[in-house]
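Peer 1: Quick one, model.json (JSON, C-alpha atoms):
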[["chain", "number", "residue", "atom", "x", "y", "z"],
["A", 1, "MET", "CA", 21.59, -19.91, -7.01],
["A", 2, "SER", "CA", 19.25, -18.29, -9.55],
["A", 3, "ILE", "CA", 17.38, -15.03, -9.00],
["A", 4, "THR", "CA", 14.07, -16.85, -9.21],
["A", 5, "SER", "CA", 14.93, -18.98, -6.20],
["A", 6, "SER", "CA", 16.88, -16.40, -4.17],
["A", 7, "SER", "CA", 14.32, -13.62, -4.56],
["A", 8, "MET", "CA", 10.63, -12.91, -4.83],
["A", 9, "LEU", "CA", 8.57, -9.92, -5.85],
["A", 10, "VAL", "CA", 6.76, -7.78, -3.32],
["A", 11, "GLU", "CA", 4.43, -4.93, -4.11],
["A", 12, "LEU", "CA", 3.69, -2.48, -1.30],
["A", 13, "SER", "CA", 0.83, -0.09, -1.95],
["A", 14, "ILE", "CA", -0.04, 2.58, 0.64],
["A", 15, "SER", "CA", -2.67, 5.21, -0.03],
["A", 16, "VAL", "CA", -3.67, 8.19, 2.09],
["A", 17, "TRP", "CA", -6.51, 10.66, 1.73],
["A", 18, "THR", "CA", -4.95, 13.98, 0.71],
["A", 19, "ALA", "CA", -7.86, 16.06, 2.08],
["A", 20, "ASN", "CA", -6.83, 18.99, -0.12],
["A", 21, "LYS", "CA", -9.32, 21.08, -2.02],
["A", 22, "ILE", "CA", -8.55, 24.43, -3.55],
["A", 23, "ASP", "CA", -11.28, 27.05, -3.35],
["A", 24, "LYS", "CA", -10.63, 29.21, -6.41],
["A", 25, "ASP", "CA", -13.12, 31.91, -5.42],
["A", 26, "ALA", "CA", -11.60, 32.17, -1.95],
["A", 27, "THR", "CA", -8.15, 32.28, -3.51],
["A", 28, "LYS", "CA", -9.14, 35.19, -5.74],
["A", 29, "LYS", "CA", -10.67, 37.05, -2.82],
["A", 30, "VAL", "CA", -7.66, 36.56, -0.56],
["A", 31, "THR", "CA", -5.36, 37.61, -3.42],
["A", 32, "TYR", "CA", -7.43, 40.72, -4.13],
["A", 33, "ASP", "CA", -7.77, 41.72, -0.48],
["A", 34, "ASN", "CA", -4.00, 41.51, -0.06],
["A", 35, "ASN", "CA", -3.17, 43.22, -3.35],
["A", 36, "ALA", "CA", -1.14, 40.16, -4.33],
["A", 37, "THR", "CA", -0.36, 38.67, -7.71],
["A", 38, "ALA", "CA", -2.58, 35.93, -9.06],
["A", 39, "ASP", "CA", -0.02, 33.20, -8.36],
["A", 40, "ALA", "CA", 0.90, 34.47, -4.89],
["A", 41, "GLY", "CA", -0.81, 31.56, -3.19],
["A", 42, "GLN", "CA", -3.81, 29.29, -3.03],
["A", 43, "PHE", "CA", -6.29, 29.23, -0.20],
["A", 44, "LYS", "CA", -6.91, 25.69, 0.96],
["A", 45, "LYS", "CA", -10.50, 25.39, 1.97],
["A", 46, "ASN", "CA", -10.30, 21.94, 3.48],
["A", 47, "LEU", "CA", -8.57, 22.32, 6.84],
["A", 48, "LEU", "CA", -8.48, 18.55, 7.39],
["A", 49, "ALA", "CA", -5.41, 18.41, 5.16],
["A", 50, "GLY", "CA", -3.48, 20.09, 7.93],
["A", 51, "SER", "CA", -4.92, 18.16, 10.83],
["A", 52, "THR", "CA", -2.20, 16.68, 13.03],
["A", 53, "LEU", "CA", -3.69, 13.18, 12.92],
["A", 54, "ARG", "CA", -4.09, 13.03, 9.15],
["A", 55, "LYS", "CA", -0.59, 14.41, 8.65],
["A", 56, "SER", "CA", 0.85, 11.83, 11.05],
["A", 57, "ILE", "CA", -0.74, 9.09, 8.94],
["A", 58, "SER", "CA", 0.68, 10.60, 5.75],
["A", 59, "ASP", "CA", 4.15, 10.94, 7.29],
["A", 60, "TYR", "CA", 4.03, 7.37, 8.55],
["A", 61, "ALA", "CA", 3.06, 6.11, 5.10],
["A", 62, "ALA", "CA", 6.08, 7.92, 3.65],
["A", 63, "SER", "CA", 8.38, 6.34, 6.24],
["A", 64, "CYS", "CA", 6.96, 2.90, 5.39],
["A", 65, "ARG", "CA", 7.67, 3.41, 1.69],
["A", 66, "LEU", "CA", 11.26, 4.42, 2.53],
["A", 67, "TRP", "CA", 11.66, 1.37, 4.79],
["A", 68, "HIS", "CA", 10.33, -0.84, 1.97],
["A", 69, "ASN", "CA", 12.83, 0.61, -0.52],
["A", 70, "THR", "CA", 15.80, 0.02, 1.80],
["A", 71, "ARG", "CA", 15.03, -3.70, 2.01],
["A", 72, "THR", "CA", 14.19, -4.37, -1.61],
["A", 73, "LEU", "CA", 15.73, -3.82, -5.02],
["A", 74, "PRO", "CA", 14.21, -2.14, -8.09],
["A", 75, "TRP", "CA", 12.61, -4.47, -10.61],
["A", 76, "ALA", "CA", 9.84, -2.97, -12.70],
["A", 77, "ASP", "CA", 9.58, 0.76, -13.41],
["A", 78, "ARG", "CA", 6.71, 0.88, -10.96],
["A", 79, "GLY", "CA", 5.05, -1.63, -8.71],
["A", 80, "PRO", "CA", 6.81, -4.79, -7.52],
["A", 81, "ARG", "CA", 10.38, -4.80, -6.22],
["A", 82, "LEU", "CA", 12.78, -7.67, -5.59],
["A", 83, "LEU", "CA", 12.85, -9.02, -2.05],
["A", 84, "PRO", "CA", 15.65, -11.46, -1.16],
["A", 85, "THR", "CA", 14.14, -14.65, 0.25],
["A", 86, "SER", "CA", 16.60, -14.40, 3.16],
["A", 87, "LEU", "CA", 14.73, -11.23, 4.23],
["A", 88, "PHE", "CA", 11.21, -12.57, 3.72],
["A", 89, "LEU", "CA", 10.33, -13.48, 7.32],
["A", 90, "GLU", "CA", 11.85, -10.30, 8.73],
["A", 91, "TYR", "CA", 10.17, -8.19, 6.04],
["A", 92, "ARG", "CA", 6.73, -9.78, 6.46],
["A", 93, "THR", "CA", 6.86, -9.47, 10.26],
["A", 94, "GLU", "CA", 7.85, -5.81, 10.14],
["A", 95, "ALA", "CA", 5.44, -4.98, 7.31],
["A", 96, "THR", "CA", 2.55, -6.61, 9.17],
["A", 97, "ALA", "CA", 3.36, -4.62, 12.31],
["A", 98, "ARG", "CA", 3.51, -1.44, 10.24],
["A", 99, "GLN", "CA", 0.20, -2.29, 8.57],
["A", 100, "ASN", "CA", -1.47, -2.85, 11.95],
["A", 101, "TYR", "CA", -0.18, 0.48, 13.25],
["A", 102, "PHE", "CA", -1.26, 2.28, 10.06],
["A", 103, "GLU", "CA", -4.76, 0.83, 10.29],
["A", 104, "SER", "CA", -5.04, 1.73, 13.97],
["A", 105, "LYS", "CA", -4.21, 5.37, 13.16],
["A", 106, "VAL", "CA", -6.70, 5.36, 10.29],
["A", 107, "ASP", "CA", -9.36, 4.01, 12.66],
["A", 108, "GLU", "CA", -8.48, 6.79, 15.08],
["A", 109, "PHE", "CA", -8.96, 9.29, 12.27],
["A", 110, "ARG", "CA", -12.33, 7.71, 11.42],
["A", 111, "HIS", "CA", -13.59, 8.39, 14.93],
["A", 112, "ALA", "CA", -12.18, 11.93, 14.94],
["A", 113, "TYR", "CA", -13.47, 12.85, 11.48],
["A", 114, "PRO", "CA", -16.92, 14.22, 12.47],
["A", 115, "GLN", "CA", -15.37, 16.54, 15.04],
["A", 116, "LEU", "CA", -12.74, 17.69, 12.55],
["A", 117, "VAL", "CA", -15.47, 18.59, 10.06],
["A", 118, "SER", "CA", -17.34, 20.48, 12.79],
["A", 119, "THR", "CA", -14.17, 22.37, 13.68],
["A", 120, "ALA", "CA", -13.61, 23.25, 10.02],
["A", 121, "SER", "CA", -17.19, 24.55, 9.79],
["A", 122, "ASN", "CA", -16.72, 26.81, 12.81],
["A", 123, "TYR", "CA", -13.34, 28.07, 11.62],
["A", 124, "LEU", "CA", -14.22, 28.75, 7.99],
["A", 125, "GLY", "CA", -17.58, 30.36, 8.52],
["A", 126, "SER", "CA", -19.10, 31.37, 5.17],
["A", 127, "LEU", "CA", -16.25, 29.70, 3.30],
["A", 128, "PHE", "CA", -17.34, 26.28, 4.59],
["A", 129, "ASP", "CA", -18.91, 24.04, 1.95],
["A", 130, "ALA", "CA", -20.24, 20.70, 3.18],
["A", 131, "ASP", "CA", -19.72, 19.21, -0.29],
["A", 132, "ASP", "CA", -15.96, 19.50, 0.26],
["A", 133, "TYR", "CA", -16.17, 16.99, 3.11],
["A", 134, "PRO", "CA", -17.08, 13.46, 1.94],
["A", 135, "CYS", "CA", -18.92, 11.02, 4.17],
["A", 136, "VAL", "CA", -16.74, 9.03, 6.55],
["A", 137, "ASP", "CA", -17.04, 5.79, 4.51],
["A", 138, "GLU", "CA", -15.80, 7.54, 1.38],
["A", 139, "VAL", "CA", -12.89, 9.04, 3.28],
["A", 140, "MET", "CA", -11.92, 5.68, 4.76],
["A", 141, "SER", "CA", -11.87, 4.14, 1.28],
["A", 142, "LYS", "CA", -9.02, 6.52, 0.41],
["A", 143, "PHE", "CA", -6.71, 4.90, 2.96],
["A", 144, "GLY", "CA", -5.08, 1.58, 2.21],
["A", 145, "PHE", "CA", -2.09, -0.57, 3.10],
["A", 146, "ARG", "CA", -1.59, -3.61, 0.88],
["A", 147, "MET", "CA", 1.33, -5.94, 0.21],
["A", 148, "VAL", "CA", 1.40, -8.72, -2.34],
["A", 149, "PHE", "CA", 4.12, -11.34, -2.66],
["A", 150, "SER", "CA", 4.67, -13.21, -5.91],
["A", 151, "PRO", "CA", 7.38, -15.36, -7.51],
["A", 152, "VAL", "CA", 9.83, -13.98, -10.03],
["A", 153, "PRO", "CA", 8.58, -15.40, -13.33],
["A", 154, "GLU", "CA", 10.87, -17.47, -15.52],
["A", 155, "ALA", "CA", 10.93, -17.35, -19.30],
["A", 156, "GLY", "CA", 9.41, -20.83, -19.50],
["A", 157, "ASP", "CA", 6.33, -19.53, -17.71],
["A", 158, "PHE", "CA", 4.67, -18.27, -20.90],
["A", 159, "ARG", "CA", 1.22, -19.79, -21.22],
["A", 160, "VAL", "CA", 0.03, -18.45, -24.55],
["A", 161, "ASP", "CA", -1.18, -20.16, -27.68],
["A", 162, "VAL", "CA", 1.42, -19.16, -30.26],
["A", 163, "ASN", "CA", 3.55, -21.15, -32.67],
["A", 164, "ALA", "CA", 6.99, -22.45, -31.69],
["A", 165, "THR", "CA", 8.89, -19.73, -33.58],
["A", 166, "ASP", "CA", 6.98, -16.93, -31.85],
["A", 167, "MET", "CA", 7.34, -18.67, -28.49],
["A", 168, "ASP", "CA", 11.12, -18.80, -28.91],
["A", 169, "GLU", "CA", 11.14, -15.12, -29.76],
["A", 170, "LEU", "CA", 9.04, -14.28, -26.70],
["A", 171, "ARG", "CA", 11.41, -16.23, -24.46],
["A", 172, "LYS", "CA", 14.46, -14.53, -25.96],
["A", 173, "GLN", "CA", 12.89, -11.11, -25.41],
["A", 174, "TYR", "CA", 12.01, -11.99, -21.84],
["A", 175, "ASP", "CA", 15.49, -13.39, -21.14],
["A", 176, "SER", "CA", 17.04, -10.17, -22.45],
["A", 177, "ALA", "CA", 14.70, -7.99, -20.38],
["A", 178, "PHE", "CA", 15.27, -10.22, -17.37],
["A", 179, "GLU", "CA", 19.04, -9.79, -17.57],
["A", 180, "THR", "CA", 18.63, -6.03, -17.89],
["A", 181, "ARG", "CA", 16.39, -5.90, -14.84],
["A", 182, "VAL", "CA", 18.82, -7.96, -12.78],
["A", 183, "ALA", "CA", 21.67, -5.63, -13.80],
["A", 184, "ASP", "CA", 19.56, -2.59, -12.90],
["A", 185, "ALA", "CA", 18.62, -4.16, -9.57],
["A", 186, "MET", "CA", 22.26, -4.83, -8.69],
["A", 187, "ARG", "CA", 23.24, -1.25, -9.42],
["A", 188, "ALA", "CA", 21.21, -0.21, -6.37],
["A", 189, "PRO", "CA", 23.36, -1.91, -3.66],
["A", 190, "TRP", "CA", 26.53, -0.78, -5.42],
["A", 191, "GLN", "CA", 25.19, 2.79, -5.40],
["A", 192, "GLN", "CA", 24.22, 2.53, -1.73],
["A", 193, "LEU", "CA", 27.72, 1.40, -0.83],
["A", 194, "HIS", "CA", 29.35, 4.09, -2.97],
["A", 195, "ASP", "CA", 27.18, 6.82, -1.43],
["A", 196, "MET", "CA", 27.92, 5.59, 2.08],
["A", 197, "LEU", "CA", 31.69, 5.54, 1.48],
["A", 198, "GLY", "CA", 31.68, 8.95, -0.18],
["A", 199, "ASN", "CA", 29.60, 10.61, 2.51],
["A", 200, "MET", "CA", 31.68, 9.12, 5.31],
["A", 201, "SER", "CA", 34.91, 10.21, 3.64],
["A", 202, "LYS", "CA", 33.67, 13.79, 3.28],
["A", 203, "LYS", "CA", 32.58, 13.95, 6.89],
["A", 204, "LEU", "CA", 36.07, 12.94, 8.05],
["A", 205, "VAL", "CA", 37.49, 16.19, 6.67],
["A", 206, "GLU", "CA", 37.45, 19.15, 9.05],
["A", 207, "PRO", "CA", 35.67, 22.16, 7.53],
["A", 208, "ASP", "CA", 37.53, 25.42, 6.96],
["A", 209, "GLY", "CA", 37.07, 28.15, 9.53],
["A", 210, "GLU", "CA", 36.18, 27.94, 13.18],
["A", 211, "ASP", "CA", 33.21, 25.60, 12.82],
["A", 212, "LYS", "CA", 33.91, 22.12, 14.09],
["A", 213, "ARG", "CA", 32.54, 18.98, 12.49],
["A", 214, "ARG", "CA", 29.92, 17.20, 14.55],
["A", 215, "TRP", "CA", 29.75, 13.44, 14.50],
["A", 216, "HIS", "CA", 26.86, 11.34, 15.76],
["A", 217, "ASP", "CA", 26.58, 7.66, 16.63],
["A", 218, "SER", "CA", 24.83, 7.12, 13.29],
["A", 219, "PHE", "CA", 28.15, 7.80, 11.52],
["A", 220, "ILE", "CA", 29.21, 4.29, 12.55],
["A", 221, "THR", "CA", 25.88, 2.54, 13.07],
["A", 222, "ASN", "CA", 24.43, 3.48, 9.66],
["A", 223, "ALA", "CA", 27.46, 1.93, 7.96],
["A", 224, "GLN", "CA", 27.20, -1.20, 10.11],
["A", 225, "GLU", "CA", 23.50, -1.59, 9.35],
["A", 226, "MET", "CA", 24.05, -1.12, 5.64],
["A", 227, "CYS", "CA", 26.83, -3.73, 5.62],
["A", 228, "GLY", "CA", 24.42, -6.17, 7.23],
["A", 229, "MET", "CA", 21.68, -5.38, 4.72],
["A", 230, "LEU", "CA", 24.04, -5.79, 1.75],
["A", 231, "THR", "CA", 24.56, -9.44, 2.66],
["A", 232, "HIS", "CA", 20.88, -9.91, 1.73],
["A", 233, "LEU", "CA", 20.63, -7.47, -1.18],
["A", 234, "ASN", "CA", 23.56, -9.08, -3.02],
["A", 235, "ILE", "CA", 21.13, -11.45, -4.76],
["A", 236, "THR", "CA", 23.57, -12.42, -7.51],
["A", 237, "LYS", "CA", 26.33, -13.20, -5.00],
["A", 238, "ASP", "CA", 28.55, -10.63, -6.68],
["A", 239, "SER", "CA", 32.01, -11.38, -5.28],
["A", 240, "LYS", "CA", 33.26, -7.83, -5.89],
["A", 241, "LEU", "CA", 30.34, -6.31, -4.01],
["A", 242, "GLU", "CA", 30.89, -8.71, -1.12],
["A", 243, "GLU", "CA", 34.60, -7.86, -1.13],
["A", 244, "ALA", "CA", 33.87, -4.11, -1.01],
["A", 245, "ARG", "CA", 31.31, -4.63, 1.74],
["A", 246, "ARG", "CA", 33.85, -6.54, 3.84],
["A", 247, "GLU", "CA", 36.44, -3.84, 3.28],
["A", 248, "LEU", "CA", 34.06, -1.28, 4.75],
["A", 249, "GLU", "CA", 33.38, -3.55, 7.71],
["A", 250, "LYS", "CA", 37.14, -3.83, 8.30],
["A", 251, "ALA", "CA", 37.61, -0.06, 7.97],
["A", 252, "ILE", "CA", 35.24, 0.67, 10.84],
["A", 253, "ALA", "CA", 35.90, -2.46, 12.93],
["A", 254, "GLY", "CA", 36.67, -1.49, 16.51],
["A", 255, "VAL", "CA", 36.22, 2.21, 15.80],
["A", 256, "GLU", "CA", 34.04, 4.06, 18.30],
["A", 257, "ILE", "CA", 32.37, 7.38, 17.67],
["A", 258, "ASP", "CA", 34.42, 8.92, 20.49],
["A", 259, "ASP", "CA", 37.56, 7.88, 18.61],
["A", 260, "ILE", "CA", 36.31, 9.75, 15.56],
["A", 261, "LYS", "CA", 35.47, 12.83, 17.62],
["A", 262, "GLU", "CA", 38.70, 13.04, 19.59],
["A", 263, "ASP", "CA", 41.52, 11.55, 17.52],
["A", 264, "ALA", "CA", 42.54, 13.19, 14.23],
["A", 265, "ASP", "CA", 44.93, 10.33, 13.45],
["A", 266, "ILE", "CA", 42.10, 7.79, 13.63],
["A", 267, "ARG", "CA", 39.97, 9.99, 11.38],
["A", 268, "GLU", "CA", 42.77, 10.16, 8.83],
["A", 269, "ASP", "CA", 43.33, 6.41, 9.01],
["A", 270, "VAL", "CA", 39.63, 5.59, 8.51],
["A", 271, "LYS", "CA", 39.35, 8.12, 5.69],
["A", 272, "ALA", "CA", 42.37, 6.60, 3.93],
["A", 273, "LYS", "CA", 40.76, 3.16, 4.11],
["A", 274, "LEU", "CA", 37.44, 4.47, 2.77],
["A", 275, "ASP", "CA", 39.14, 6.33, -0.08],
["A", 276, "ASN", "CA", 41.10, 3.19, -0.91],
["A", 277, "ILE", "CA", 37.85, 1.24, -1.27],
["A", 278, "LEU", "CA", 36.41, 3.99, -3.47],
["A", 279, "GLY", "CA", 39.45, 3.79, -5.71],
["A", 280, "GLN", "CA", 39.48, 0.01, -6.09],
["A", 281, "TYR", "CA", 36.23, -0.63, -7.90],
["A", 282, "GLU", "CA", 34.43, 0.48, -11.05],
["A", 283, "TRP", "CA", 31.41, 2.19, -9.55]]
Can you dump the structure from the file as structure tokens?

Peer 2:
Amino acid sequence: MSITSSSMLVELSISVWTANKIDKDATKKVTYDNNATADAGQFKKNLLAGSTLRKSISDYAASCRLWHNTRTLPWADRGPRLLPTSLFLEYRTEATARQNYFESKVDEFRHAYPQLVSTASNYLGSLFDADDYPCVDEVMSKFGFRMVFSPVPEAGDFRVDVNATDMDELRKQYDSAFETRVADAMRAPWQQLHDMLGNMSKKLVEPDGEDKRRWHDSFITNAQEMCGMLTHLNITKDSKLEEARRELEKAIAGVEIDDIKEDADIREDVKAKLDNILGQYEW
């Protein structure tokens, strides 16, 4: 199965109003009054940047970007990423739910905005400058949640009026770049698996001293979830990657977190299996 039929491109763009504005005069005054150096700090005049609601929107946007990156593979330097077609329905459903939640929080912020400006005015006193606080419509235009799906273009897709020799050259250049991008994309799941194995192996070693290692349910569940995701992210059907993924599944099969916590022999056995996987492949 080719990449163009097993994958598509998805671009997720999320923007949030930063609400930050540095008041240089206030900064100088605060610095002078406190006998501080010029670079000791900057006084942020716009208190909306620190509002709980605006920050919750910003934090949620960051979590959405992270979620997006865990379900897609790198493609271009910026912008679209590869989404396996096997994940499309799940991705679109989850992304739509996230978009709806994001927009509901933005709408909540829209209604709260006038009161937040009033609070800033009361708090800042003479430092308040109405020009630092845009109208609500301008503020709302700074928030956005957009996703665009598109096919992975093939070399034969060129629709330009050039002679046959130049067209062949364009296709060769695209084919070469395409192969490089696929190779770069496939490095991501290999790296995820390598990082997971390495981190798990390290955590199975008791630290020196009296401190005891603490294990959480996520020690097992994160590995299980990643193994499931790798079945989708292996867009080239790399047999070695699938083999390594299955080896990790076998290494943790039937192992409970209580086993890890209470039985040193089980920890040693699991660690040996993980280290064996790490030593088998050219990472």

Peer 1: Please identify all polymer residues within 12 Å of Ser176 in chain A, counting all atoms listed in the file, omitting same-chain residues fewer than 6 positions from it, and present them as a ChimeraX atom specification.

Peer 2: /A:154-155,169-170,182-183

Peer 1: Rounded to one decimal place, report the CA of Met140 in chain A-CA of Arg92 in chain A distance in Å.

Peer 2: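 These two atoms are separated by 24.3 Å.
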
Peer 1: For Ser51 in chain A, which residue among A:Ser104, A:Thr96, A:Gln115, A:Ser13 is the nearest when counting all atoms listed in the file?

Peer 2: A:Gln115

Peer 1: May I have the residues at most 10 Å from (16.3, -17.7, -5.5) in the file's coordinates, counting all atoms listed in the file, as a list in words?

Peer 2: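 Residues with an atom close enough to that point: Met1, Ser2, Ile3, Thr4, Ser5, Ser6, Ser7, Met8, Leu83, Pro84, Thr85, Ser86, Pro151, Val152, Ile235 and Thr236 of chain A.
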
Peer 1: If you keep C-alpha atoms, can you produce a file of those selected residues as a PDB file, in the coordinates of the input?

Peer 2:
ATOM      1  CA  MET A   1      21.590 -19.910  -7.010  1.00  0.00           C
ATOM      2  CA  SER A   2      19.250 -18.290  -9.550  1.00  0.00           C
ATOM      3  CA  ILE A   3      17.380 -15.030  -9.000  1.00  0.00           C
ATOM      4  CA  THR A   4      14.070 -16.850  -9.210  1.00  0.00           C
ATOM      5  CA  SER A   5      14.930 -18.980  -6.200  1.00  0.00           C
ATOM      6  CA  SER A   6      16.880 -16.400  -4.170  1.00  0.00           C
ATOM      7  CA  SER A   7      14.320 -13.620  -4.560  1.00  0.00           C
ATOM      8  CA  MET A   8      10.630 -12.910  -4.830  1.00  0.00           C
ATOM      9  CA  LEU A  83      12.850  -9.020  -2.050  1.00  0.00           C
ATOM     10  CA  PRO A  84      15.650 -11.460  -1.160  1.00  0.00           C
ATOM     11  CA  THR A  85      14.140 -14.650   0.250  1.00  0.00           C
ATOM     12  CA  SER A  86      16.600 -14.400   3.160  1.00  0.00           C
ATOM     13  CA  PRO A 151       7.380 -15.360  -7.510  1.00  0.00           C
ATOM     14  CA  VAL A 152       9.830 -13.980 -10.030  1.00  0.00           C
ATOM     15  CA  ILE A 235      21.130 -11.450  -4.760  1.00  0.00           C
ATOM     16  CA  THR A 236      23.570 -12.420  -7.510  1.00  0.00           C
TER      17      THR A 236
END

Peer 1: Using only C-alpha atoms, determine which residues lie at most 12 Å from Asp137 in chain A, disregarding the query and same-chain residues fewer than 2 positions distant; provide the list as a ChimeraX atom specification.

Peer 2: /A:17,106-107,109-111,113-114,133-135,139-143

Peer 1: Next, the residues of the selection above should be written as a PDB file, in the coordinates of the input with C-alpha atoms.

Peer 2:
ATOM      1  CA  TRP A  17      -6.510  10.660   1.730  1.00  0.00           C
ATOM      2  CA  VAL A 106      -6.700   5.360  10.290  1.00  0.00           C
ATOM      3  CA  ASP A 107      -9.360   4.010  12.660  1.00  0.00           C
ATOM      4  CA  PHE A 109      -8.960   9.290  12.270  1.00  0.00           C
ATOM      5  CA  ARG A 110     -12.330   7.710  11.420  1.00  0.00           C
ATOM      6  CA  HIS A 111     -13.590   8.390  14.930  1.00  0.00           C
ATOM      7  CA  TYR A 113     -13.470  12.850  11.480  1.00  0.00           C
ATOM      8  CA  PRO A 114     -16.920  14.220  12.470  1.00  0.00           C
ATOM      9  CA  TYR A 133     -16.170  16.990   3.110  1.00  0.00           C
ATOM     10  CA  PRO A 134     -17.080  13.460   1.940  1.00  0.00           C
ATOM     11  CA  CYS A 135     -18.920  11.020   4.170  1.00  0.00           C
ATOM     12  CA  VAL A 139     -12.890   9.040   3.280  1.00  0.00           C
ATOM     13  CA  MET A 140     -11.920   5.680   4.760  1.00  0.00           C
ATOM     14  CA  SER A 141     -11.870   4.140   1.280  1.00  0.00           C
ATOM     15  CA  LYS A 142      -9.020   6.520   0.410  1.00  0.00           C
ATOM     16  CA  PHE A 143      -6.710   4.900   2.960  1.00  0.00           C
TER      17      PHE A 143
END

Peer 1: Using all atoms listed in the file, which of A:Glu282, A:Glu242, A:Glu247, A:Glu206 sits nearest Ala264 in chain A?

Peer 2: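 Ranking A:Glu282, A:Glu242, A:Glu247, A:Glu206 by distance to Ala264 in chain A, first place goes to A:Glu206.
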
Peer 1: Could you tell me how far CA of Leu248 in chain A sits from CA of Thr221 in chain A, in Å to one decimal place?

Peer 2: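 Going from CA of Thr221 in chain A over to CA of Leu248 in chain A covers 12.3 Å.
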
Peer 1: Could you check which of A:Leu12, A:Val205, A:Val148, A:Leu278 is closest to Arg65 in chain A, using all atoms listed in the file?

Peer 2: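 When distances to Arg65 in chain A are compared using all atoms listed in the file, the smallest one comes from A:Leu12.
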
Peer 1: Under the rule that only C-alpha atoms are counted, which of A:Ala120, A:Asp168, A:Asp132, A:Thr70 is the nearest residue to Ala19 in chain A?

Peer 2: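 Between A:Ala120, A:Asp168, A:Asp132, A:Thr70, the residue approaching Ala19 in chain A most closely is A:Asp132.
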
Peer 1: Could you please determine the separation between CA of Ile277 in chain A and CA of Asn222 in chain A in Å, to one decimal place?

Peer 2: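 About the pair CA of Ile277 in chain A and CA of Asn222 in chain A: they are 17.5 Å apart.
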
Peer 1: Taking all atoms of range 207-225 of chain A that the file lists and extending 3 Å past them on each side, where is the centre of the axis-aligned box and how long are its edges? Answer in Å to one decimal, as JSON.

Peer 2:
{"center_x": 30.5, "center_y": 13.3, "center_z": 11.8, "size_x": 20.0, "size_y": 35.7, "size_z": 15.7}

Peer 1: Find the residues with any atom within 12 Å of (7.5, -0.5, -11.0); use all atoms listed in the file and the coordinates as given in the file, and write the answer as a list in words.

Peer 2: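 Every polymer residue passing the test: Leu9, Val10, Glu11, Leu12, Ser13, Asn69, Leu73, Pro74, Trp75, Ala76, Asp77, Arg78, Gly79, Pro80, Arg81, Leu82, Arg181 and Ala185 of chain A.
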
Peer 1: Pick from A:Lys273, A:Arg187, A:Arg146, A:Lys237: nearest to Ser15 in chain A, with only C-alpha atoms counted?

Peer 2: A:Arg146

Peer 1: If you count only C-alpha atoms, which residues fall within 12 Å of range 212-214 of chain A, apart from same-chain ones fewer than 6 positions away, as a PyMOL selection string?

Peer 2: chain A and resi 202-206+257-258+260-262+264+267

Peer 1: Counting all atoms listed in the file, figure out which residue out of A:Gly254, A:Gly198, A:Pro207, A:Pro189 gets nearest to Ile220 in chain A.

Peer 2: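 Closest to Ile220 in chain A of all the choices is A:Gly254.
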